Structures are given as structure tokens and as C-alpha cells.
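> Structure file protein_25.pdb (PDB, C-alpha atoms) right here:
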ATOM      1  CA  ASP H   1       0.000   0.000   0.000
ATOM      2  CA  SER H   2       1.406   3.436  -0.942
ATOM      3  CA  ASN H   3       0.267   5.089   2.334
ATOM      4  CA  VAL H   4       2.237   2.673   4.530
ATOM      5  CA  VAL H   5       5.647   4.263   3.858
ATOM      6  CA  PRO H   6       4.528   7.887   4.472
ATOM      7  CA  GLU H   7       2.694   6.858   7.655
ATOM      8  CA  PHE H   8       5.804   5.009   8.853
ATOM      9  CA  LEU H   9       8.023   8.032   8.084
ATOM     10  CA  CYS H  10       5.611  10.354   9.874
ATOM     11  CA  SER H  11       5.671   8.050  12.884
ATOM     12  CA  VAL H  12       9.485   8.014  12.914
ATOM     13  CA  LEU H  13       9.642  11.804  12.583
ATOM     14  CA  ARG H  14       7.130  12.281  15.434
ATOM     15  CA  SER H  15       9.221   9.974  17.646
ATOM     16  CA  ALA H  16      12.376  11.882  16.750
ATOM     17  CA  LEU H  17      10.738  15.220  17.570
ATOM     18  CA  VAL H  18       9.512  13.932  20.928
ATOM     19  CA  PHE H  19      13.017  12.654  21.707
ATOM     20  CA  LEU H  20      14.619  15.957  20.687
ATOM     21  CA  SER H  21      12.129  17.934  22.771
ATOM     22  CA  PHE H  22      13.503  16.146  25.854
ATOM     23  CA  LEU H  23      17.107  16.908  24.891
ATOM     24  CA  LEU H  24      16.782  20.571  24.030
ATOM     25  CA  PRO H  25      15.580  21.869  27.425
ATOM     26  CA  ALA H  26      18.343  19.904  29.179
ATOM     27  CA  ALA H  27      20.971  21.408  26.889
ATOM     28  CA  LYS H  28      19.817  24.945  27.745
ATOM     29  CA  ARG H  29      19.975  24.425  31.519
ATOM     30  CA  ALA H  30      22.981  25.712  33.412
ATOM     31  CA  PRO H  31      25.225  22.958  34.802
ATOM     32  CA  THR H  32      24.564  22.110  38.430
ATOM     33  CA  GLN H  33      28.271  22.123  39.260
ATOM     34  CA  PRO H  34      30.877  24.649  38.177
ATOM     35  CA  ARG H  35      33.049  23.504  35.282
ATOM     36  CA  LEU H  36      36.763  23.669  35.871
ATOM     37  CA  LYS H  37      39.053  23.909  32.888
ATOM     38  CA  MET H  38      41.496  21.105  33.669
ATOM     39  CA  ASN H  39      43.494  18.895  31.397
ATOM     40  CA  PHE H  40      43.938  15.196  32.113
ATOM     41  CA  GLU H  41      47.335  15.652  33.793
ATOM     42  CA  GLN H  42      45.824  18.182  36.201
ATOM     43  CA  MET H  43      42.948  15.797  36.978
ATOM     44  CA  GLU H  44      45.441  13.012  37.652
ATOM     45  CA  GLN H  45      47.351  15.312  39.993
ATOM     46  CA  VAL H  46      44.159  16.247  41.872
ATOM     47  CA  GLY H  47      43.182  12.570  42.160
ATOM     48  CA  LYS H  48      46.606  11.492  43.401
ATOM     49  CA  GLN H  49      46.834  14.350  45.895
ATOM     50  CA  PHE H  50      43.351  13.515  47.189
ATOM     51  CA  VAL H  51      44.216   9.824  47.647
ATOM     52  CA  ASP H  52      47.490  10.633  49.446
ATOM     53  CA  TYR H  53      45.746  13.114  51.729
ATOM     54  CA  TYR H  54      42.675  10.923  52.356
ATOM     55  CA  TYR H  55      44.620   7.826  53.398
ATOM     56  CA  ASN H  56      47.128   9.803  55.479
ATOM     57  CA  VAL H  57      44.274  11.422  57.421
ATOM     58  CA  PHE H  58      42.331   8.144  57.616
ATOM     59  CA  ASP H  59      45.394   6.375  59.033
ATOM     60  CA  THR H  60      46.208   9.076  61.598
ATOM     61  CA  ASN H  61      43.011  10.992  62.490
ATOM     62  CA  ARG H  62      39.776   9.742  60.887
ATOM     63  CA  GLN H  63      37.818  12.611  62.448
ATOM     64  CA  GLY H  64      39.779  14.939  60.156
ATOM     65  CA  LEU H  65      38.050  13.457  57.092
ATOM     66  CA  MET H  66      34.862  15.416  57.840
ATOM     67  CA  ALA H  67      36.093  18.442  55.854
ATOM     68  CA  LEU H  68      36.246  16.339  52.668
ATOM     69  CA  TYR H  69      32.477  15.672  52.585
ATOM     70  CA  GLN H  70      29.343  17.804  52.186
ATOM     71  CA  ASP H  71      25.706  17.233  53.159
ATOM     72  CA  ALA H  72      24.890  15.423  49.883
ATOM     73  CA  SER H  73      27.978  13.176  50.132
ATOM     74  CA  MET H  74      27.371   9.453  50.459
ATOM     75  CA  LEU H  75      29.546   6.602  51.669
ATOM     76  CA  THR H  76      28.730   2.996  50.866
ATOM     77  CA  PHE H  77      30.858   0.880  53.193
ATOM     78  CA  GLU H  78      30.528  -2.861  52.636
ATOM     79  CA  GLY H  79      26.960  -2.308  51.377
ATOM     80  CA  GLU H  80      25.829   0.056  54.168
ATOM     81  CA  LYS H  81      24.964   3.622  53.129
ATOM     82  CA  PHE H  82      25.749   6.766  55.117
ATOM     83  CA  GLN H  83      24.957  10.331  54.046
ATOM     84  CA  GLY H  84      26.471  13.608  55.209
ATOM     85  CA  PRO H  85      29.834  14.348  56.848
ATOM     86  CA  ALA H  86      28.804  13.530  60.420
ATOM     87  CA  ASN H  87      27.277  10.142  59.535
ATOM     88  CA  ILE H  88      30.180   9.199  57.273
ATOM     89  CA  VAL H  89      32.865  10.084  59.807
ATOM     90  CA  GLN H  90      30.884   8.436  62.615
ATOM     91  CA  LYS H  91      30.969   5.186  60.627
ATOM     92  CA  LEU H  92      34.686   5.498  59.843
ATOM     93  CA  THR H  93      35.628   6.292  63.445
ATOM     94  CA  SER H  94      33.536   3.388  64.768
ATOM     95  CA  LEU H  95      35.504   0.719  62.882
ATOM     96  CA  SER H  96      36.831  -1.928  65.255
ATOM     97  CA  PHE H  97      40.573  -1.588  64.613
ATOM     98  CA  GLN H  98      42.882   0.736  66.529
ATOM     99  CA  GLN H  99      45.554   1.208  63.864
ATOM    100  CA  VAL H 100      45.404   0.989  60.092
ATOM    101  CA  LYS H 101      47.787   1.682  57.248
ATOM    102  CA  HIS H 102      46.630   1.884  53.617
ATOM    103  CA  HIS H 103      49.038   0.738  50.903
ATOM    104  CA  VAL H 104      47.775   1.771  47.451
ATOM    105  CA  THR H 105      48.686  -0.699  44.691
ATOM    106  CA  THR H 106      46.609   0.687  41.796
ATOM    107  CA  LEU H 107      45.145   4.097  41.124
ATOM    108  CA  ASP H 108      42.923   4.903  38.130
ATOM    109  CA  ILE H 109      41.539   8.374  37.444
ATOM    110  CA  GLN H 110      38.965   9.489  34.872
ATOM    111  CA  PRO H 111      37.202  12.752  34.108
ATOM    112  CA  SER H 112      33.492  12.750  34.836
ATOM    113  CA  PHE H 113      30.508  15.007  34.175
ATOM    114  CA  ASN H 114      30.808  18.783  34.805
ATOM    115  CA  GLY H 115      34.438  18.711  35.896
ATOM    116  CA  ALA H 116      34.062  15.914  38.450
ATOM    117  CA  ILE H 117      36.751  13.253  38.782
ATOM    118  CA  ILE H 118      36.337   9.509  39.336
ATOM    119  CA  VAL H 119      39.123   7.872  41.353
ATOM    120  CA  PHE H 120      39.406   4.087  41.691
ATOM    121  CA  VAL H 121      41.871   2.680  44.222
ATOM    122  CA  SER H 122      42.870  -0.840  45.130
ATOM    123  CA  GLY H 123      45.388  -1.854  47.716
ATOM    124  CA  ASN H 124      46.207  -3.510  51.016
ATOM    125  CA  LEU H 125      45.212  -2.608  54.562
ATOM    126  CA  VAL H 126      47.524  -3.444  57.424
ATOM    127  CA  VAL H 127      45.259  -3.553  60.471
ATOM    128  CA  ASP H 128      46.608  -3.296  64.018
ATOM    129  CA  GLY H 129      50.144  -3.976  62.811
ATOM    130  CA  ASP H 130      49.393  -7.420  61.320
ATOM    131  CA  GLN H 131      51.886  -7.301  58.422
ATOM    132  CA  GLU H 132      51.440 -11.036  57.786
ATOM    133  CA  ARG H 133      47.757 -10.785  56.822
ATOM    134  CA  PRO H 134      46.986  -7.555  54.991
ATOM    135  CA  LEU H 135      43.408  -7.125  53.801
ATOM    136  CA  LYS H 136      42.731  -6.373  50.118
ATOM    137  CA  PHE H 137      40.431  -3.427  49.423
ATOM    138  CA  SER H 138      38.877  -1.404  46.601
ATOM    139  CA  GLN H 139      37.584   2.127  46.943
ATOM    140  CA  THR H 140      36.023   4.540  44.464
ATOM    141  CA  PHE H 141      35.639   8.282  44.968
ATOM    142  CA  GLN H 142      33.787  10.859  42.922
ATOM    143  CA  LEU H 143      35.362  14.257  43.493
ATOM    144  CA  VAL H 144      33.107  17.170  42.583
ATOM    145  CA  PRO H 145      34.288  20.759  42.088
ATOM    146  CA  THR H 146      33.003  23.480  44.382
ATOM    147  CA  SER H 147      32.377  27.117  43.482
ATOM    148  CA  ASN H 148      35.799  28.095  44.872
ATOM    149  CA  SER H 149      37.721  25.718  42.544
ATOM    150  CA  GLN H 150      38.277  23.045  45.147
ATOM    151  CA  PHE H 151      36.852  19.518  45.334
ATOM    152  CA  TYR H 152      34.789  17.577  47.828
ATOM    153  CA  CYS H 153      34.072  13.858  47.958
ATOM    154  CA  HIS H 154      30.512  13.383  46.720
ATOM    155  CA  ASN H 155      30.581   9.579  46.471
ATOM    156  CA  ASP H 156      32.770   7.124  48.378
ATOM    157  CA  LEU H 157      32.371   3.374  47.855
ATOM    158  CA  PHE H 158      34.463   0.915  49.859
ATOM    159  CA  ARG H 159      34.741  -2.889  49.718
ATOM    160  CA  LEU H 160      37.092  -5.452  51.134
ATOM    161  CA  ASN H 161      38.128  -7.951  48.454
ATOM    162  CA  TYR H 162      37.914 -11.550  49.591
ATOM    163  CA  ALA H 163      39.750 -14.238  47.630
TER     164      ALA H 163
END
Could you rewrite the structure in this file as C-alpha cells?


Amino acid sequence: DSNVVPEFLCSVLRSALVFLSFLLPAAKRAPTQPRLKMNFEQMEQVGKQFVDYYYNVFDTNRQGLMALYQDASMLTFEGEKFQGPANIVQKLTSLSFQQVKHHVTTLDIQPSFNGAIIVFVSGNLVVDGDQERPLKFSQTFQLVPTSNSQFYCHNDLFRLNYA
């Protein structure tokens, strides 16, 4: 039938217009986070500096990590979720060990949306001085830029890796 093709094309065009109508308003909206003009080397430097600072503070004074989080920040620790600086640091300070030392073995960094940075870390934890049985861990951070060109940890996901 000769009307089948035009009806099909009209249907496809209507679908395309509906799809585009969803895209166009989103493209006109201002980004929710400030965009920092950083090249990949600068992002890598930020990610590495964050990881060094985070694990140094974690290993010496976990309470000092509170400044790295904001109200919308979330930690998922072994499947449990905690939101906001106070709840996150309360969880980290309540862990059962007295001493811990993080040894980073891999570090991967990628750019993310609106100037954010994804940082993936794997390594070993020496807990309470037990050098003979380090624990394997993985941790992922999403670092989001603030209005004053600094970063805070918006997402923090931690897992022990069992063999």
C-alpha cells in the first residue's frame, strides 16, 4: 500500500521530535556544578593528591576526614549507606581496629561530568600492625568541584576484596 511508507516516516519523525524535545531543554539548563578547565594531567594530579591526603588522614586521624564531605555526600561501606559528613565520619571512626595503614597498589583516574573526577583505588590494609595478613580493598571516589575551585568527595564506595 502506498500510504504505509509515508505513515511510517511520519511516525518516525514524530518519535524523533519527541526525543529531541527532551534533549533541548536539558541542553539549555545551566550545569549544576561549576566547570573547571582542567586537562587530564591536572585531573590526575588532583586525584593522586586527594588519595594521598585521604589515606594519610584516615590512618592518623579519621575525624579529620569530615572536611572532605558535604551534606549530599554518600559513603557505601561494605553495602551500608551513610549520608552527610557527620554520619560518614561516625561510621569510619567506629571501625573496630585501633591502627590501620593503607598501601595503594593501583590508582585509576577518569574525568566525569561537569568537571568531576572519578578515582578508583585498590590496595592492602595493614590492620593493628598485622603485616602477615593484609586485607585487600577497593575504593572509588567521585570528586566534585566546588564554586571556589576546590573539590569535595561526593561519592565514596568501599569494599574489602575476599579471595

> Quick check, in Å to one decimal: how far apart do CA of His103 in chain H and CA of Ser122 in chain H lie?

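Separation between CA of His103 in chain H and CA of Ser122 in chain H: 8.6 Å.
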
> Ranking H:Phe50, H:Phe97, H:Phe141, H:Phe151 by minimum distance to Leu125 in chain H and counting only C-alpha atoms, which one comes first?

H:Phe97

> Work out how far apart CA of Arg133 in chain H and CA of Thr76 in chain H are and give it in Å to one decimal.

24.2 Å

> Once the PyMOL selection byres ((chain H and resi 65) around 10) has been applied to the shown file, what residues remain in the selection, as an mmCIF file with C-alpha atoms, in the frame of the given file?


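The resulting file, out-v9.cif, is reproduced below:
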data_model
loop_
_atom_site.group_PDB
_atom_site.id
_atom_site.type_symbol
_atom_site.label_atom_id
_atom_site.label_comp_id
_atom_site.auth_asym_id
_atom_site.auth_seq_id
_atom_site.Cartn_x
_atom_site.Cartn_y
_atom_site.Cartn_z
ATOM 1 C CA TYR H 53 45.746 13.114 51.729
ATOM 2 C CA TYR H 54 42.675 10.923 52.356
ATOM 3 C CA TYR H 55 44.620 7.826 53.398
ATOM 4 C CA ASN H 56 47.128 9.803 55.479
ATOM 5 C CA VAL H 57 44.274 11.422 57.421
ATOM 6 C CA PHE H 58 42.331 8.144 57.616
ATOM 7 C CA ASN H 61 43.011 10.992 62.490
ATOM 8 C CA ARG H 62 39.776 9.742 60.887
ATOM 9 C CA GLN H 63 37.818 12.611 62.448
ATOM 10 C CA GLY H 64 39.779 14.939 60.156
ATOM 11 C CA MET H 66 34.862 15.416 57.840
ATOM 12 C CA ALA H 67 36.093 18.442 55.854
ATOM 13 C CA LEU H 68 36.246 16.339 52.668
ATOM 14 C CA TYR H 69 32.477 15.672 52.585
ATOM 15 C CA PRO H 85 29.834 14.348 56.848
ATOM 16 C CA ALA H 86 28.804 13.530 60.420
ATOM 17 C CA ILE H 88 30.180 9.199 57.273
ATOM 18 C CA VAL H 89 32.865 10.084 59.807
ATOM 19 C CA LEU H 92 34.686 5.498 59.843
ATOM 20 C CA THR H 93 35.628 6.292 63.445
ATOM 21 C CA CYS H 153 34.072 13.858 47.958
#

> Kindly give the distance, in Å, that separates CA of Gly123 in chain H and CA of Gln83 in chain H, rounded to a single decimal.

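These two atoms are separated by 24.6 Å.
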
> Between H:Val100, H:Val51, H:Leu95, H:Ala72, which has the minimum distance to Gln139 in chain H (counting all atoms listed in the file)?

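Closest residue, counting all atoms listed in the file: H:Val51.
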
> Counting only C-alpha atoms, find residues at most 12 Å from (33.9, 17.9, 44.5) (file frame) and give them as a ChimeraX atom specification.

/H:32-36,43,46-47,50,67-73,112-119,141-156

> Between H:Asn161, H:Gln110, H:Gln98, H:Ser138, which residue has the minimum interatomic distance to Glu41 in chain H, considering all atoms listed in the file?

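So, comparing all the options, the nearest one is H:Gln110.
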
> Running the PyMOL selection byres ((chain H and resi 79) around 9) on this model by hand, what would come out? Give it as a PyMOL selection string.

chain H and resi 76-78+80-81+157-159

> When you count only C-alpha atoms, which of these residues is closest to Phe40 in chain H: H:Asn124, H:Pro111, H:Tyr162, H:Gln99?

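The shortest atom-to-atom distance to Phe40 in chain H comes from H:Pro111.
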
> Here is a test: counting only C-alpha atoms, which residue of H:His102, H:Gln45, H:Pro134, H:Lys91 is nearest to Thr60 in chain H?

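Of H:His102, H:Gln45, H:Pro134, H:Lys91, the one nearest Thr60 in chain H, counting only C-alpha atoms, is H:His102.
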